[in-house]
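S.K.: For reference, the file target-v3.tsv (TSV, C-alpha atoms) is included below:
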```tsv
chain	number	residue	atom	x	y	z
A	2	MET	CA	0.00	0.00	0.00
A	3	ARG	CA	2.80	2.41	0.92
A	4	CYS	CA	4.53	1.59	-2.35
A	5	LEU	CA	1.36	2.37	-4.31
A	6	ARG	CA	0.94	5.69	-2.51
A	7	ARG	CA	4.55	6.60	-3.18
A	8	ARG	CA	4.11	5.77	-6.86
A	9	ALA	CA	0.95	7.91	-7.02
A	10	VAL	CA	2.81	10.85	-5.45
A	11	VAL	CA	5.67	10.49	-7.91
A	12	CYS	CA	3.26	10.34	-10.87
A	13	SER	CA	1.25	13.34	-9.72
A	14	SER	CA	4.32	15.43	-8.93
A	15	ARG	CA	5.68	14.73	-12.40
A	16	ALA	CA	2.31	15.65	-13.85
A	17	PHE	CA	2.39	18.89	-11.85
A	18	VAL	CA	5.78	19.84	-13.29
A	19	ALA	CA	4.70	18.94	-16.83
A	20	SER	CA	1.34	20.74	-16.56
A	21	THR	CA	3.00	23.85	-15.14
A	22	ALA	CA	5.54	23.86	-17.96
A	23	VAL	CA	2.75	23.58	-20.53
A	24	MET	CA	0.80	26.44	-18.94
A	25	VAL	CA	3.87	28.69	-18.82
A	26	ALA	CA	4.57	27.86	-22.47
A	27	THR	CA	0.96	28.70	-23.29
A	28	VAL	CA	1.34	32.14	-21.72
A	29	GLU	CA	4.47	32.77	-23.79
A	30	VAL	CA	2.83	31.62	-27.02
A	31	VAL	CA	-0.20	33.80	-26.30
A	32	ASN	CA	2.03	36.82	-25.69
A	33	TRP	CA	3.76	36.20	-29.00
A	34	ALA	CA	0.50	35.66	-30.90
A	35	GLY	CA	-1.04	38.77	-29.40
A	36	ARG	CA	1.87	40.89	-30.55
A	37	GLN	CA	1.48	39.69	-34.14
A	38	ASN	CA	-1.98	41.15	-34.64
A	39	PRO	CA	-3.18	43.10	-31.60
A	40	GLN	CA	-6.03	44.66	-33.61
A	41	LEU	CA	-7.63	41.25	-34.18
A	42	ILE	CA	-7.67	40.03	-30.57
A	43	SER	CA	-5.72	41.05	-27.48
A	44	SER	CA	-3.26	38.86	-25.60
A	45	ARG	CA	-5.53	39.21	-22.57
A	46	LYS	CA	-8.48	37.64	-24.38
A	47	LEU	CA	-6.32	35.00	-26.07
A	48	LEU	CA	-5.05	33.87	-22.68
A	49	HIS	CA	-8.61	33.95	-21.34
A	50	VAL	CA	-9.59	31.46	-24.06
A	51	ALA	CA	-6.50	29.25	-24.12
A	52	ALA	CA	-5.84	28.65	-20.43
A	53	GLY	CA	-8.94	26.52	-19.80
A	54	PRO	CA	-8.70	23.93	-22.56
A	55	VAL	CA	-4.93	23.62	-22.19
A	56	PHE	CA	-5.20	23.03	-18.44
A	57	LEU	CA	-8.06	20.55	-18.82
A	58	ALA	CA	-6.04	18.68	-21.44
A	59	THR	CA	-3.38	17.97	-18.79
A	60	TRP	CA	-5.82	16.36	-16.33
A	61	PRO	CA	-5.27	12.84	-17.73
A	62	TRP	CA	-1.63	13.15	-16.67
A	63	PHE	CA	-2.63	13.15	-13.00
A	64	THR	CA	-3.81	10.13	-11.05
A	65	ALA	CA	-7.46	9.91	-10.03
A	66	GLU	CA	-6.43	11.04	-6.52
A	67	GLY	CA	-4.18	13.82	-7.81
A	68	LYS	CA	-6.64	16.72	-7.66
A	69	TRP	CA	-4.55	18.65	-5.13
A	70	TRP	CA	-1.48	18.38	-7.34
A	71	ALA	CA	-3.54	19.49	-10.32
A	72	ALA	CA	-5.01	22.42	-8.37
A	73	LEU	CA	-1.49	23.57	-7.49
A	74	VAL	CA	-0.90	24.50	-11.14
A	75	PRO	CA	-3.45	27.33	-11.36
A	76	LEU	CA	-2.89	28.17	-7.68
A	77	CYS	CA	0.80	28.89	-8.18
A	78	MET	CA	0.12	30.99	-11.27
A	79	THR	CA	-2.70	32.86	-9.54
A	80	LEU	CA	-0.53	33.61	-6.49
A	81	LYS	CA	2.19	34.99	-8.75
A	82	PHE	CA	-0.27	37.22	-10.58
A	83	ALA	CA	-1.69	38.41	-7.23
A	84	LEU	CA	1.81	39.44	-6.14
A	85	VAL	CA	2.23	41.28	-9.44
A	86	GLY	CA	-1.10	43.06	-8.94
A	87	LEU	CA	-0.08	44.06	-5.42
A	88	GLY	CA	3.21	45.44	-6.70
A	89	LEU	CA	5.32	42.98	-4.72
A	90	ILE	CA	6.70	41.48	-7.93
A	91	ARG	CA	7.41	43.45	-11.07
A	92	ASP	CA	6.35	41.75	-14.29
A	93	ASP	CA	5.53	44.26	-17.01
A	94	LYS	CA	4.76	41.49	-19.50
A	95	ALA	CA	2.12	39.97	-17.21
A	96	VAL	CA	0.55	43.38	-16.61
A	97	ALA	CA	0.41	44.07	-20.34
A	98	THR	CA	-1.15	40.65	-21.01
A	99	MET	CA	-3.83	40.62	-18.30
A	100	SER	CA	-4.88	44.25	-17.96
A	101	ARG	CA	-6.90	46.46	-20.26
A	102	THR	CA	-5.22	49.76	-19.39
A	103	GLY	CA	-1.77	48.73	-18.17
A	104	ASP	CA	-2.68	49.22	-14.51
A	105	ARG	CA	-1.31	46.30	-12.48
A	106	ARG	CA	-4.20	46.61	-9.99
A	107	GLU	CA	-6.61	45.36	-12.64
A	108	ILE	CA	-5.09	41.91	-12.15
A	109	LEU	CA	-6.59	41.84	-8.65
A	110	ARG	CA	-10.10	41.86	-10.10
A	111	GLY	CA	-11.10	39.79	-13.15
A	112	PRO	CA	-7.84	37.86	-13.70
A	113	LEU	CA	-7.51	36.97	-9.99
A	114	ILE	CA	-11.10	35.70	-9.88
A	115	TYR	CA	-10.43	33.78	-13.10
A	116	GLY	CA	-7.51	31.93	-11.51
A	117	CYS	CA	-9.42	31.22	-8.30
A	118	VAL	CA	-12.23	29.66	-10.35
A	119	PHE	CA	-9.72	27.26	-11.91
A	120	VAL	CA	-8.47	26.23	-8.48
A	121	ALA	CA	-12.00	25.74	-7.11
A	122	ALA	CA	-13.17	23.79	-10.17
A	123	THR	CA	-10.20	21.43	-9.86
A	124	VAL	CA	-10.61	20.83	-6.13
A	125	LEU	CA	-14.39	20.47	-6.16
A	126	ALA	CA	-14.94	18.63	-9.45
A	127	PHE	CA	-11.67	17.09	-10.64
A	128	ARG	CA	-12.29	14.83	-13.67
A	129	ASP	CA	-16.00	15.69	-13.48
A	130	LEU	CA	-17.71	17.14	-16.53
A	131	THR	CA	-19.25	19.84	-14.32
A	132	ALA	CA	-15.82	21.48	-14.00
A	133	ALA	CA	-15.19	21.30	-17.74
A	134	VAL	CA	-18.59	22.80	-18.52
A	135	ALA	CA	-18.00	25.68	-16.11
A	136	LEU	CA	-14.52	26.42	-17.47
A	137	ALA	CA	-15.72	26.12	-21.07
A	138	ALA	CA	-18.35	28.79	-20.44
A	139	LEU	CA	-15.80	31.00	-18.71
A	140	CYS	CA	-13.12	30.65	-21.38
A	141	PHE	CA	-14.99	30.25	-24.66
A	142	GLY	CA	-18.41	31.72	-23.95
A	143	ASP	CA	-17.21	34.88	-22.25
A	144	ALA	CA	-14.58	35.56	-24.92
A	145	ALA	CA	-17.01	34.89	-27.77
A	146	ALA	CA	-19.53	37.28	-26.22
A	147	GLU	CA	-16.94	40.07	-26.18
A	148	VAL	CA	-15.68	39.46	-29.71
A	149	GLY	CA	-19.13	38.86	-31.20
A	150	GLY	CA	-20.61	41.84	-29.42
A	151	ARG	CA	-17.81	44.11	-30.57
A	152	ARG	CA	-18.19	43.13	-34.24
A	153	PHE	CA	-21.90	42.54	-34.62
A	154	GLY	CA	-23.49	43.97	-31.49
A	155	HIS	CA	-25.39	46.87	-33.00
A	156	VAL	CA	-28.59	46.01	-31.13
A	157	LYS	CA	-28.01	46.36	-27.40
A	158	LEU	CA	-29.77	44.58	-24.58
A	159	PRO	CA	-32.34	46.76	-22.79
A	160	TRP	CA	-31.11	45.74	-19.32
A	161	SER	CA	-27.42	46.07	-20.18
A	162	PRO	CA	-26.52	48.84	-22.68
A	163	ARG	CA	-22.92	47.62	-23.03
A	164	LYS	CA	-24.03	44.09	-23.98
A	165	SER	CA	-25.77	42.95	-27.17
A	166	TYR	CA	-27.97	40.20	-28.53
A	167	ALA	CA	-25.15	39.19	-30.88
A	168	GLY	CA	-22.75	38.83	-27.96
A	169	SER	CA	-25.19	36.63	-26.04
A	170	ALA	CA	-25.80	34.48	-29.11
A	171	ALA	CA	-22.05	34.09	-29.59
A	172	PHE	CA	-21.76	33.03	-25.94
A	173	VAL	CA	-24.32	30.26	-26.41
A	174	VAL	CA	-22.80	28.94	-29.65
A	175	ALA	CA	-19.21	28.95	-28.37
A	176	SER	CA	-20.17	27.43	-25.02
A	177	LEU	CA	-22.24	24.69	-26.66
A	178	GLY	CA	-19.36	23.72	-28.92
A	179	ALA	CA	-16.72	23.73	-26.18
A	180	MET	CA	-18.90	21.91	-23.63
A	181	THR	CA	-19.84	19.20	-26.13
A	182	LEU	CA	-16.20	18.76	-27.13
A	183	PHE	CA	-15.12	18.21	-23.54
A	184	ALA	CA	-18.03	15.85	-22.93
A	185	VAL	CA	-16.65	13.70	-25.76
A	186	LEU	CA	-13.06	14.04	-24.55
A	187	PHE	CA	-13.94	13.16	-20.96
A	188	ARG	CA	-15.44	9.88	-22.17
A	189	ARG	CA	-12.35	9.22	-24.28
A	190	TRP	CA	-10.08	9.92	-21.32
A	191	GLY	CA	-12.05	7.53	-19.14
A	192	PHE	CA	-13.54	10.18	-16.85
A	193	ALA	CA	-17.07	9.11	-17.82
A	194	PRO	CA	-18.51	5.72	-18.82
A	195	PRO	CA	-18.10	5.22	-22.59
A	196	THR	CA	-21.65	3.90	-22.84
A	197	SER	CA	-23.25	6.92	-21.17
A	198	ASP	CA	-25.23	9.34	-23.29
A	199	LEU	CA	-23.86	12.82	-23.87
A	200	PRO	CA	-25.82	15.23	-21.63
A	201	LEU	CA	-26.65	17.53	-24.54
A	202	GLY	CA	-29.86	18.78	-22.95
A	203	ALA	CA	-28.08	19.82	-19.76
A	204	ILE	CA	-25.30	21.41	-21.79
A	205	GLY	CA	-27.81	23.44	-23.80
A	206	VAL	CA	-29.65	24.68	-20.71
A	207	ALA	CA	-26.36	25.56	-18.98
A	208	ALA	CA	-25.13	27.51	-22.02
A	209	ILE	CA	-28.33	29.55	-22.26
A	210	VAL	CA	-28.42	30.33	-18.53
A	211	GLY	CA	-24.74	31.25	-18.68
A	212	ALA	CA	-25.45	33.71	-21.50
A	213	VAL	CA	-28.14	35.37	-19.40
A	214	VAL	CA	-25.76	35.75	-16.46
A	215	GLU	CA	-22.98	37.07	-18.70
A	216	SER	CA	-25.35	39.68	-20.14
A	217	MET	CA	-25.85	41.33	-16.76
A	218	PRO	CA	-24.21	44.77	-16.27
A	219	ALA	CA	-21.52	43.62	-13.84
A	220	ALA	CA	-17.86	44.13	-14.74
A	221	ASP	CA	-15.18	41.61	-13.71
A	222	VAL	CA	-17.40	39.60	-11.34
A	223	ASP	CA	-18.86	37.69	-14.29
A	224	ASN	CA	-15.66	35.64	-14.12
A	225	PHE	CA	-17.07	34.30	-10.86
A	226	PHE	CA	-20.82	34.18	-11.43
A	227	VAL	CA	-20.82	32.73	-14.97
A	228	PRO	CA	-18.97	29.48	-14.14
A	229	LEU	CA	-20.74	29.17	-10.78
A	230	VAL	CA	-24.23	29.43	-12.26
A	231	VAL	CA	-23.31	27.30	-15.28
A	232	ALA	CA	-21.94	24.53	-13.03
A	233	ALA	CA	-25.01	24.63	-10.79
A	234	THR	CA	-27.38	24.61	-13.76
A	235	PHE	CA	-25.58	21.74	-15.47
A	236	HIS	CA	-25.56	19.70	-12.26
A	237	TRP	CA	-29.28	20.34	-11.75
A	238	ALA	CA	-30.20	19.57	-15.38
A	239	THR	CA	-28.10	16.40	-15.70
A	240	PRO	CA	-30.19	13.23	-15.26
A	241	ALA	CA	-29.29	11.31	-12.12
```
In structure tokens, what does this structure look like?
M.R.:
Amino acid sequence: MRCLRRRAVVCSSRAFVASTAVMVATVEVVNWAGRQNPQLISSRKLLHVAAGPVFLATWPWFTAEGKWWAALVPLCMTLKFALVGLGLIRDDKAVATMSRTGDRREILRGPLIYGCVFVAATVLAFRDLTAAVALAALCFGDAAAEVGGRRFGHVKLPWSPRKSYAGSAAFVVASLGAMTLFAVLFRRWGFAPPTSDLPLGAIGVAAIVGAVVESMPAADVDNFFVPLVVAATFHWATPA
């Protein structure tokens, strides 16, 4: 038994190192891509999209009991960004990537909540589709709403003048696609029984409810409320 536990620790610690390296590389690639065509999409939004699927793709590297090791990956990155936002560490590249105006204190709002959501999703629902659905809405849905609203959002929502019908529609479409993809991948990775039906109904309901929450006139805190409500809705709508 002790030998098995030691082997699990070794496997998970190696997975932690590998996952962290992949996430750091992702940040660097995003910074490079954002510099190539900043008018198309910002590095901030690219990282917002990329971090979730890349991190979820490393979950199979951890053992079934390795959720704490997996959660350490976003936790370490979030703690670093918090120190940058507080001014205790200077990292001009991180500030440029994660802030809209270049003010380091912005990192202590939306980006810090974003990282904390990753940690919570990993601890509370490791290898569970609920976590993937929540992160898919946060990463893909939220980003699609911003991009779609900026390009096609001529008709604004009556309860939220800065949001549009086009942005909400983009949220639903992007979330549906990402959630369904991870539902398929989770079965392939062995996180769900291969014979189980895809919970497409629950995914659809969660995506629509997430779009409604995202449309509310609340800056930054949507990084918290969107995945929370999406996870709760998906859990409620999924057949027992």
S.K.: Need the shell around Leu177 in chain A: protein/DNA/RNA residues with any atom at most 10 Å away, counting all atoms listed in the file. Skip same-chain ones fewer than 6 positions apart. Format as a PDB file with C-alpha atoms, in the coordinates of the input?
M.R.:
```pdb
ATOM      1  CA  VAL A 134     -18.590  22.800 -18.520  1.00  0.00           C
ATOM      2  CA  ALA A 137     -15.720  26.120 -21.070  1.00  0.00           C
ATOM      3  CA  ALA A 138     -18.350  28.790 -20.440  1.00  0.00           C
ATOM      4  CA  PHE A 141     -14.990  30.250 -24.660  1.00  0.00           C
ATOM      5  CA  GLY A 142     -18.410  31.720 -23.950  1.00  0.00           C
ATOM      6  CA  ALA A 171     -22.050  34.090 -29.590  1.00  0.00           C
ATOM      7  CA  LEU A 201     -26.650  17.530 -24.540  1.00  0.00           C
ATOM      8  CA  ILE A 204     -25.300  21.410 -21.790  1.00  0.00           C
ATOM      9  CA  GLY A 205     -27.810  23.440 -23.800  1.00  0.00           C
ATOM     10  CA  VAL A 206     -29.650  24.680 -20.710  1.00  0.00           C
ATOM     11  CA  ALA A 207     -26.360  25.560 -18.980  1.00  0.00           C
ATOM     12  CA  ALA A 208     -25.130  27.510 -22.020  1.00  0.00           C
ATOM     13  CA  ILE A 209     -28.330  29.550 -22.260  1.00  0.00           C
TER      14      ILE A 209
END
```
S.K.: Please provide the set of residues having any atom within 12 Å of Pro200 in chain A, restricted to only C-alpha atoms, with same-chain residues fewer than 5 positions apart removed, written as a list in words.
M.R.: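 Close residues of Pro200 in chain A: Leu130, Thr131, Val134, Leu177, Met180, Thr181, Leu182, Phe183, Ala184, Val185, Arg188, Ala193, Gly205, Val206, Ala207, Phe235, His236, Trp237, Ala238, Thr239, Pro240 and Ala241 of chain A.
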S.K.: Can you tell me how far CA of Ile90 in chain A sits from CA of Asp104 in chain A, in Å to one decimal?
M.R.: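 Value for the CA of Ile90 in chain A-CA of Asp104 in chain A distance: 13.8 Å.
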S.K.: Would you mind listing, for every residue of range 118-231 of chain A within 10 Å of range 73-78 of chain A, the two atoms forming the shortest contact and the distance between them in Å to one decimal, using only C-alpha atoms, sorted by chain and ascending residue number, as a tab-separated table?
M.R.:
```
residue	atom	partner	partner_atom	distance
A:Val118	CA	A:Pro75	CA	9.1
A:Phe119	CA	A:Pro75	CA	6.3
A:Val120	CA	A:Pro75	CA	5.9
A:Ala121	CA	A:Leu76	CA	9.4
A:Thr123	CA	A:Pro75	CA	9.1
A:Val124	CA	A:Leu73	CA	9.6
```
S.K.: Which of these, A:Lys94, A:Val222, A:Ser176, A:Val50, has the shortest distance to Leu109 in chain A once you count only C-alpha atoms?
M.R.: A:Val222
S.K.: Can you put N, CA, C and O atoms back into range 9-32 of chain A and show it as a JSON list (two decimals), in the frame of the given file?
M.R.:
```
[["chain", "number", "residue", "atom", "x", "y", "z"],
["A", 9, "ALA", "N", 1.96, 6.91, -6.65],
["A", 9, "ALA", "CA", 0.95, 7.91, -7.02],
["A", 9, "ALA", "C", 1.48, 9.32, -6.81],
["A", 9, "ALA", "O", 1.25, 10.22, -7.63],
["A", 10, "VAL", "N", 2.22, 9.53, -5.72],
["A", 10, "VAL", "CA", 2.81, 10.85, -5.45],
["A", 10, "VAL", "C", 3.82, 11.20, -6.52],
["A", 10, "VAL", "O", 3.87, 12.34, -7.01],
["A", 11, "VAL", "N", 4.65, 10.24, -6.88],
["A", 11, "VAL", "CA", 5.67, 10.49, -7.91],
["A", 11, "VAL", "C", 5.00, 10.83, -9.24],
["A", 11, "VAL", "O", 5.39, 11.80, -9.92],
["A", 12, "CYS", "N", 3.96, 10.08, -9.61],
["A", 12, "CYS", "CA", 3.26, 10.34, -10.87],
["A", 12, "CYS", "C", 2.61, 11.71, -10.88],
["A", 12, "CYS", "O", 2.71, 12.47, -11.86],
["A", 13, "SER", "N", 1.95, 12.06, -9.79],
["A", 13, "SER", "CA", 1.25, 13.34, -9.72],
["A", 13, "SER", "C", 2.22, 14.51, -9.67],
["A", 13, "SER", "O", 1.96, 15.57, -10.25],
["A", 14, "SER", "N", 3.34, 14.34, -8.98],
["A", 14, "SER", "CA", 4.32, 15.43, -8.93],
["A", 14, "SER", "C", 4.95, 15.65, -10.29],
["A", 14, "SER", "O", 5.19, 16.80, -10.70],
["A", 15, "ARG", "N", 5.19, 14.59, -11.03],
["A", 15, "ARG", "CA", 5.68, 14.73, -12.40],
["A", 15, "ARG", "C", 4.64, 15.41, -13.28],
["A", 15, "ARG", "O", 4.97, 16.26, -14.11],
["A", 16, "ALA", "N", 3.39, 15.02, -13.09],
["A", 16, "ALA", "CA", 2.31, 15.65, -13.85],
["A", 16, "ALA", "C", 2.21, 17.13, -13.53],
["A", 16, "ALA", "O", 1.96, 17.96, -14.42],
["A", 17, "PHE", "N", 2.42, 17.49, -12.26],
["A", 17, "PHE", "CA", 2.39, 18.89, -11.85],
["A", 17, "PHE", "C", 3.47, 19.69, -12.58],
["A", 17, "PHE", "O", 3.21, 20.77, -13.10],
["A", 18, "VAL", "N", 4.66, 19.15, -12.61],
["A", 18, "VAL", "CA", 5.78, 19.84, -13.29],
["A", 18, "VAL", "C", 5.47, 19.98, -14.78],
["A", 18, "VAL", "O", 5.65, 21.06, -15.37],
["A", 19, "ALA", "N", 4.99, 18.90, -15.40],
["A", 19, "ALA", "CA", 4.70, 18.94, -16.83],
["A", 19, "ALA", "C", 3.55, 19.90, -17.14],
["A", 19, "ALA", "O", 3.61, 20.69, -18.10],
["A", 20, "SER", "N", 2.49, 19.86, -16.34],
["A", 20, "SER", "CA", 1.34, 20.74, -16.56],
["A", 20, "SER", "C", 1.73, 22.20, -16.38],
["A", 20, "SER", "O", 1.32, 23.07, -17.17],
["A", 21, "THR", "N", 2.54, 22.48, -15.36],
["A", 21, "THR", "CA", 3.00, 23.85, -15.14],
["A", 21, "THR", "C", 3.83, 24.34, -16.32],
["A", 21, "THR", "O", 3.67, 25.49, -16.77],
["A", 22, "ALA", "N", 4.70, 23.48, -16.82],
["A", 22, "ALA", "CA", 5.54, 23.86, -17.96],
["A", 22, "ALA", "C", 4.68, 24.17, -19.19],
["A", 22, "ALA", "O", 4.93, 25.14, -19.92],
["A", 23, "VAL", "N", 3.64, 23.36, -19.39],
["A", 23, "VAL", "CA", 2.75, 23.58, -20.53],
["A", 23, "VAL", "C", 2.00, 24.90, -20.37],
["A", 23, "VAL", "O", 1.84, 25.66, -21.33],
["A", 24, "MET", "N", 1.53, 25.19, -19.17],
["A", 24, "MET", "CA", 0.80, 26.44, -18.94],
["A", 24, "MET", "C", 1.70, 27.66, -19.12],
["A", 24, "MET", "O", 1.28, 28.68, -19.69],
["A", 25, "VAL", "N", 2.93, 27.58, -18.64],
["A", 25, "VAL", "CA", 3.87, 28.69, -18.82],
["A", 25, "VAL", "C", 4.16, 28.88, -20.31],
["A", 25, "VAL", "O", 4.21, 30.02, -20.80],
["A", 26, "ALA", "N", 4.34, 27.77, -21.02],
["A", 26, "ALA", "CA", 4.57, 27.86, -22.47],
["A", 26, "ALA", "C", 3.36, 28.47, -23.17],
["A", 26, "ALA", "O", 3.51, 29.25, -24.12],
["A", 27, "THR", "N", 2.17, 28.13, -22.70],
["A", 27, "THR", "CA", 0.96, 28.70, -23.29],
["A", 27, "THR", "C", 0.93, 30.21, -23.13],
["A", 27, "THR", "O", 0.58, 30.94, -24.07],
["A", 28, "VAL", "N", 1.29, 30.69, -21.96],
["A", 28, "VAL", "CA", 1.34, 32.14, -21.72],
["A", 28, "VAL", "C", 2.32, 32.81, -22.68],
["A", 28, "VAL", "O", 2.01, 33.86, -23.27],
["A", 29, "GLU", "N", 3.48, 32.18, -22.89],
["A", 29, "GLU", "CA", 4.47, 32.77, -23.79],
["A", 29, "GLU", "C", 3.98, 32.78, -25.24],
["A", 29, "GLU", "O", 4.18, 33.76, -25.96],
["A", 30, "VAL", "N", 3.36, 31.69, -25.65],
["A", 30, "VAL", "CA", 2.83, 31.62, -27.02],
["A", 30, "VAL", "C", 1.73, 32.66, -27.21],
["A", 30, "VAL", "O", 1.66, 33.33, -28.26],
["A", 31, "VAL", "N", 0.88, 32.81, -26.21],
["A", 31, "VAL", "CA", -0.20, 33.80, -26.30],
["A", 31, "VAL", "C", 0.37, 35.21, -26.41],
["A", 31, "VAL", "O", -0.11, 36.03, -27.19],
["A", 32, "ASN", "N", 1.39, 35.50, -25.62],
["A", 32, "ASN", "CA", 2.03, 36.82, -25.69],
["A", 32, "ASN", "C", 2.59, 37.07, -27.09],
["A", 32, "ASN", "O", 2.43, 38.17, -27.64]]
```
